[in-house]
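Chemist: Following this message is one structure expressed as structure tokens.
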Amino acid sequence: MSSKLSQPSYPLPFPSTFSPQPSSTTWLTPSSPSYSTALSTCYLGLKTSLKPTHPFPSLSHTQILHSLQSLETSHHYQTDVTQPFGLTTKLSKTYVTRCLLGDPGTTYKYLGLRMFSSDWNSIGSGVIKRMSEEMSKEVDSELKDLSKVKPIKGRSCFSVSLINRMESYTSKSKLKLEPTFETDRVTVSWHADSSLEHYSTIGVYHVIVNEKREVVEDEKEEGKCWRIACKVVPDAEGPNASTRTSKISDTSEPSPQYPLISVPLKNKSIYYMLDDFNHHHQHAVLSPSSEGRRTVRYSSTHRLLRYGNNVEEMFEKLDNVIKGFNSKSLKQIKKEFNCEREVEGEWIRQFYIQGKKHWSLKWGEWEDRVKKLFEGWERLEGRAGEVVEWMWKAVMGKLNR
């Protein structure tokens with residue numbers, strides 16, 4: 001889809017004429033009479049608590065759970081070390097363990113870290129790939145319904161699934177309090193998903209198990225459930241995110257026009273953030289307090305990557321730059337310099353900096369690609385030396401004209 005700046009369609013405020021008005025001091029939940037109105041205005045595009053008897057025509061809950069747990073057995077879930085506040089800031093180790101499955105050659109970058117995918121056609125019997133295909137059909141239908149209310153720009157397909165494994169809060173865990181209301185622990189802090197094609201939908205399947213790896217029954221009390229929290233943050237992501245003039249704060253005071261919602265998630269359910277929802281909202285995952293009942297949540301989050309996140313696209317850029325070696329124009333030299341920095345810093349270093357476990361998991365699939373990146377980088381390095389020598393000769397007046 002086009003990444004050109006366009007006039008965004010911001011979320012509608014909560015109607016001032018509706019009674020009762022939502023509170024600005026606590027979560028708006030499904031038990032509130034204002035909740036459905038918030039979903040049709042401030043949170044239009046969020047579809048939650050979809051729980052069919054059979055999740056998809058070709059897949060059962062048992063097949064999906066087996067696939068998610070097999071990734072744990074094979075040690076695919078890893079802790080990430082990220083820089084949530086940008087370059088030169090403190091490194092942070094994630095509480096959640098994750099893995100990335102997707103189309104061959106895909107990567108996903110978030111908080112300064114590039115994750116390298118495992119091929120979802122082969123890992124876990126291809127279940128996650130099939131789930132993406134089934135989700136895409138559902139999203140088509142959901143987008144058609146949404147188009148009756150607002151213009152739709154996004155596609156419904158997916159190229160990766162970022163799969164999370166997270167444990168519920170206990171007194172021994174180090175989960176932080178959610179900073180707005182300070183009543184709940186957050187497993188995944190406030191964020192909008194990055195690196196995605198603009199207007200693309202995010203689809204999530206989640207399942208909760210106990211310490212015996214068995215699916216648990218849904219809790220009846222909202223506060224004891226795993227929940228997704230959402231808030232309105234215009235241009236948090238999307239084509240106009242770079243135009244924001246103010247920094248996004250986790251502790252900003254809620255507005256009655258845009259109440260914060262907390263949605264209990266039914267076990268083995270699917271939810272979608274449709275079209276531009278991710279552009280103008282942030283979300284977080286709230287953990288239940290599990291004193292006496294520890295649970296584990298798996299969430300398979302399906303996304304469509306923005307152009308530039310597949311290594312084949314990096315190879316294409318390398319080839320185009322190398323084809324221009326016959327030119328010594330300033331424009332060409334800048335291209336070479338920028339490409340050299342990108343292939344080294346954004347790809348080669350990102351692959352090796354993640355350690356031996358990452359290498360042992362990924363090398364079999366990524367060996368040829370990483371070697372090809374090295375070959376391109378070496379050619380750019382050699383070319384840089386030639387350019388320096390040519391410039392030195394020019395400065396010293398020794399250049400043959």
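In the structure tokens, the first chain shown is A, the next is B, and so on; residue numbers restart at 1 for each chain, and ligands run from 1 in the order shown.
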Name the residues of stretch 277-329 of chain A that fall into strand (DSSP E or B) according to DSSP on the backbone, using the chain letters and numbers of this document, as a list of chain:residue names.
Modeler: A:His281, A:Gln282, A:His283, A:Ala284, A:Val285, A:Leu286, A:Ser287, A:Ser289, A:Val296, A:Arg297, A:Tyr298, A:Ser299, A:Ser300, A:Thr301, A:His302, A:Arg303, A:Leu305, A:Asn310
Chemist: Fewer than 3 positions away in the same chain doesn't count, so skip those; otherwise give me all residues within 7 Å of A:Leu91, counting only C-alpha atoms, as an NGL selection string.
Modeler: :A and (81-83)
Chemist: Could you write those residues out with C-alpha atoms, as a CSV table (one decimal), in the first residue's frame?
Modeler:
```csv
chain,number,residue,atom,x,y,z
A,81,VAL,CA,17.2,-7.6,24.7
A,82,THR,CA,15.8,-4.4,23.3
A,83,GLN,CA,16.3,-0.6,23.6
```
Chemist: Got a sec: who's within 9 Å of stretch 231-244 of chain A, counting only C-alpha atoms, leaving out chain neighbours fewer than 4 positions off, as number ranges by chain?
Modeler: A: 2-8, 10-11, 42-43, 190-194, 196-199, 248, 254, 258-261, 276, 278-284
Chemist: Print the selection's residues with C-alpha atoms to a file, as an mmCIF file, in the first residue's frame.
Modeler:
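Okay, selection_16.cif is ready:
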```cif
data_model
loop_
_atom_site.group_PDB
_atom_site.id
_atom_site.type_symbol
_atom_site.label_atom_id
_atom_site.label_comp_id
_atom_site.auth_asym_id
_atom_site.auth_seq_id
_atom_site.Cartn_x
_atom_site.Cartn_y
_atom_site.Cartn_z
ATOM 1 C CA SER A 2 1.121 3.580 -0.493
ATOM 2 C CA SER A 3 3.146 5.130 2.321
ATOM 3 C CA LYS A 4 2.538 8.715 1.209
ATOM 4 C CA LEU A 5 1.256 11.103 3.836
ATOM 5 C CA SER A 6 -2.509 11.298 3.777
ATOM 6 C CA GLN A 7 -5.154 13.010 5.819
ATOM 7 C CA PRO A 8 -5.777 10.562 8.680
ATOM 8 C CA TYR A 10 -8.913 9.920 13.655
ATOM 9 C CA PRO A 11 -11.064 7.944 16.129
ATOM 10 C CA CYS A 42 -13.347 5.570 19.946
ATOM 11 C CA TYR A 43 -12.486 1.922 19.293
ATOM 12 C CA TRP A 190 1.742 0.159 26.070
ATOM 13 C CA HIS A 191 2.716 0.155 22.394
ATOM 14 C CA ALA A 192 1.507 0.241 18.809
ATOM 15 C CA ASP A 193 2.943 -2.457 16.560
ATOM 16 C CA SER A 194 5.800 -1.296 14.331
ATOM 17 C CA LEU A 196 3.803 -3.117 9.481
ATOM 18 C CA GLU A 197 2.308 -2.223 6.127
ATOM 19 C CA HIS A 198 0.114 0.833 6.626
ATOM 20 C CA TYR A 199 -3.579 0.063 7.146
ATOM 21 C CA ILE A 248 3.795 9.678 23.631
ATOM 22 C CA PRO A 254 -7.239 9.918 30.368
ATOM 23 C CA TYR A 258 -11.392 8.849 24.919
ATOM 24 C CA PRO A 259 -11.838 6.438 27.851
ATOM 25 C CA LEU A 260 -9.350 3.612 28.319
ATOM 26 C CA ILE A 261 -10.842 0.148 27.880
ATOM 27 C CA ASP A 276 -5.961 1.830 10.653
ATOM 28 C CA ASN A 278 -3.040 0.324 15.026
ATOM 29 C CA HIS A 279 -2.270 3.804 13.645
ATOM 30 C CA HIS A 280 -4.282 5.646 16.298
ATOM 31 C CA HIS A 281 -4.345 3.320 19.309
ATOM 32 C CA GLN A 282 -1.910 1.718 21.678
ATOM 33 C CA HIS A 283 -2.555 -1.560 23.454
ATOM 34 C CA ALA A 284 -1.137 -3.419 26.439
#
```
Chemist: Quote the spacing between atom CA of A:Gln354 and atom CA of A:Arg303 in Å to one decimal place.
Modeler: 22.7 Å
Chemist: As a list of chain:residue names, please: the residues near A:Thr48 (cut-off 9 Å, only C-alpha atoms, same-chain neighbours under 3 positions excluded).
Modeler: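 Non-adjacent residues within range: A:Lys51, A:Val263, A:Leu265, A:Lys266, A:Ser269, A:Ile270, A:Tyr271, A:Tyr272, A:Met273.
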Chemist: Please measure the separation of atom CA of A:Ile152 and atom CA of A:Leu46, giving the value in Å to one decimal.
Modeler: 13.9 Å
Chemist: From the list A:Ile353, A:Glu211, A:Trp377, A:Ser67, which residue is nearest A:Asp319 when using only C-alpha atoms?
Modeler: A:Trp377
Chemist: What's the 12 Å shell around A:Ser125, counting only C-alpha atoms, without same-chain residues fewer than 6 positions away, as a PyMOL selection string?
Modeler: chain A and resi 59+63-64+66-68+70-71+101+119+131
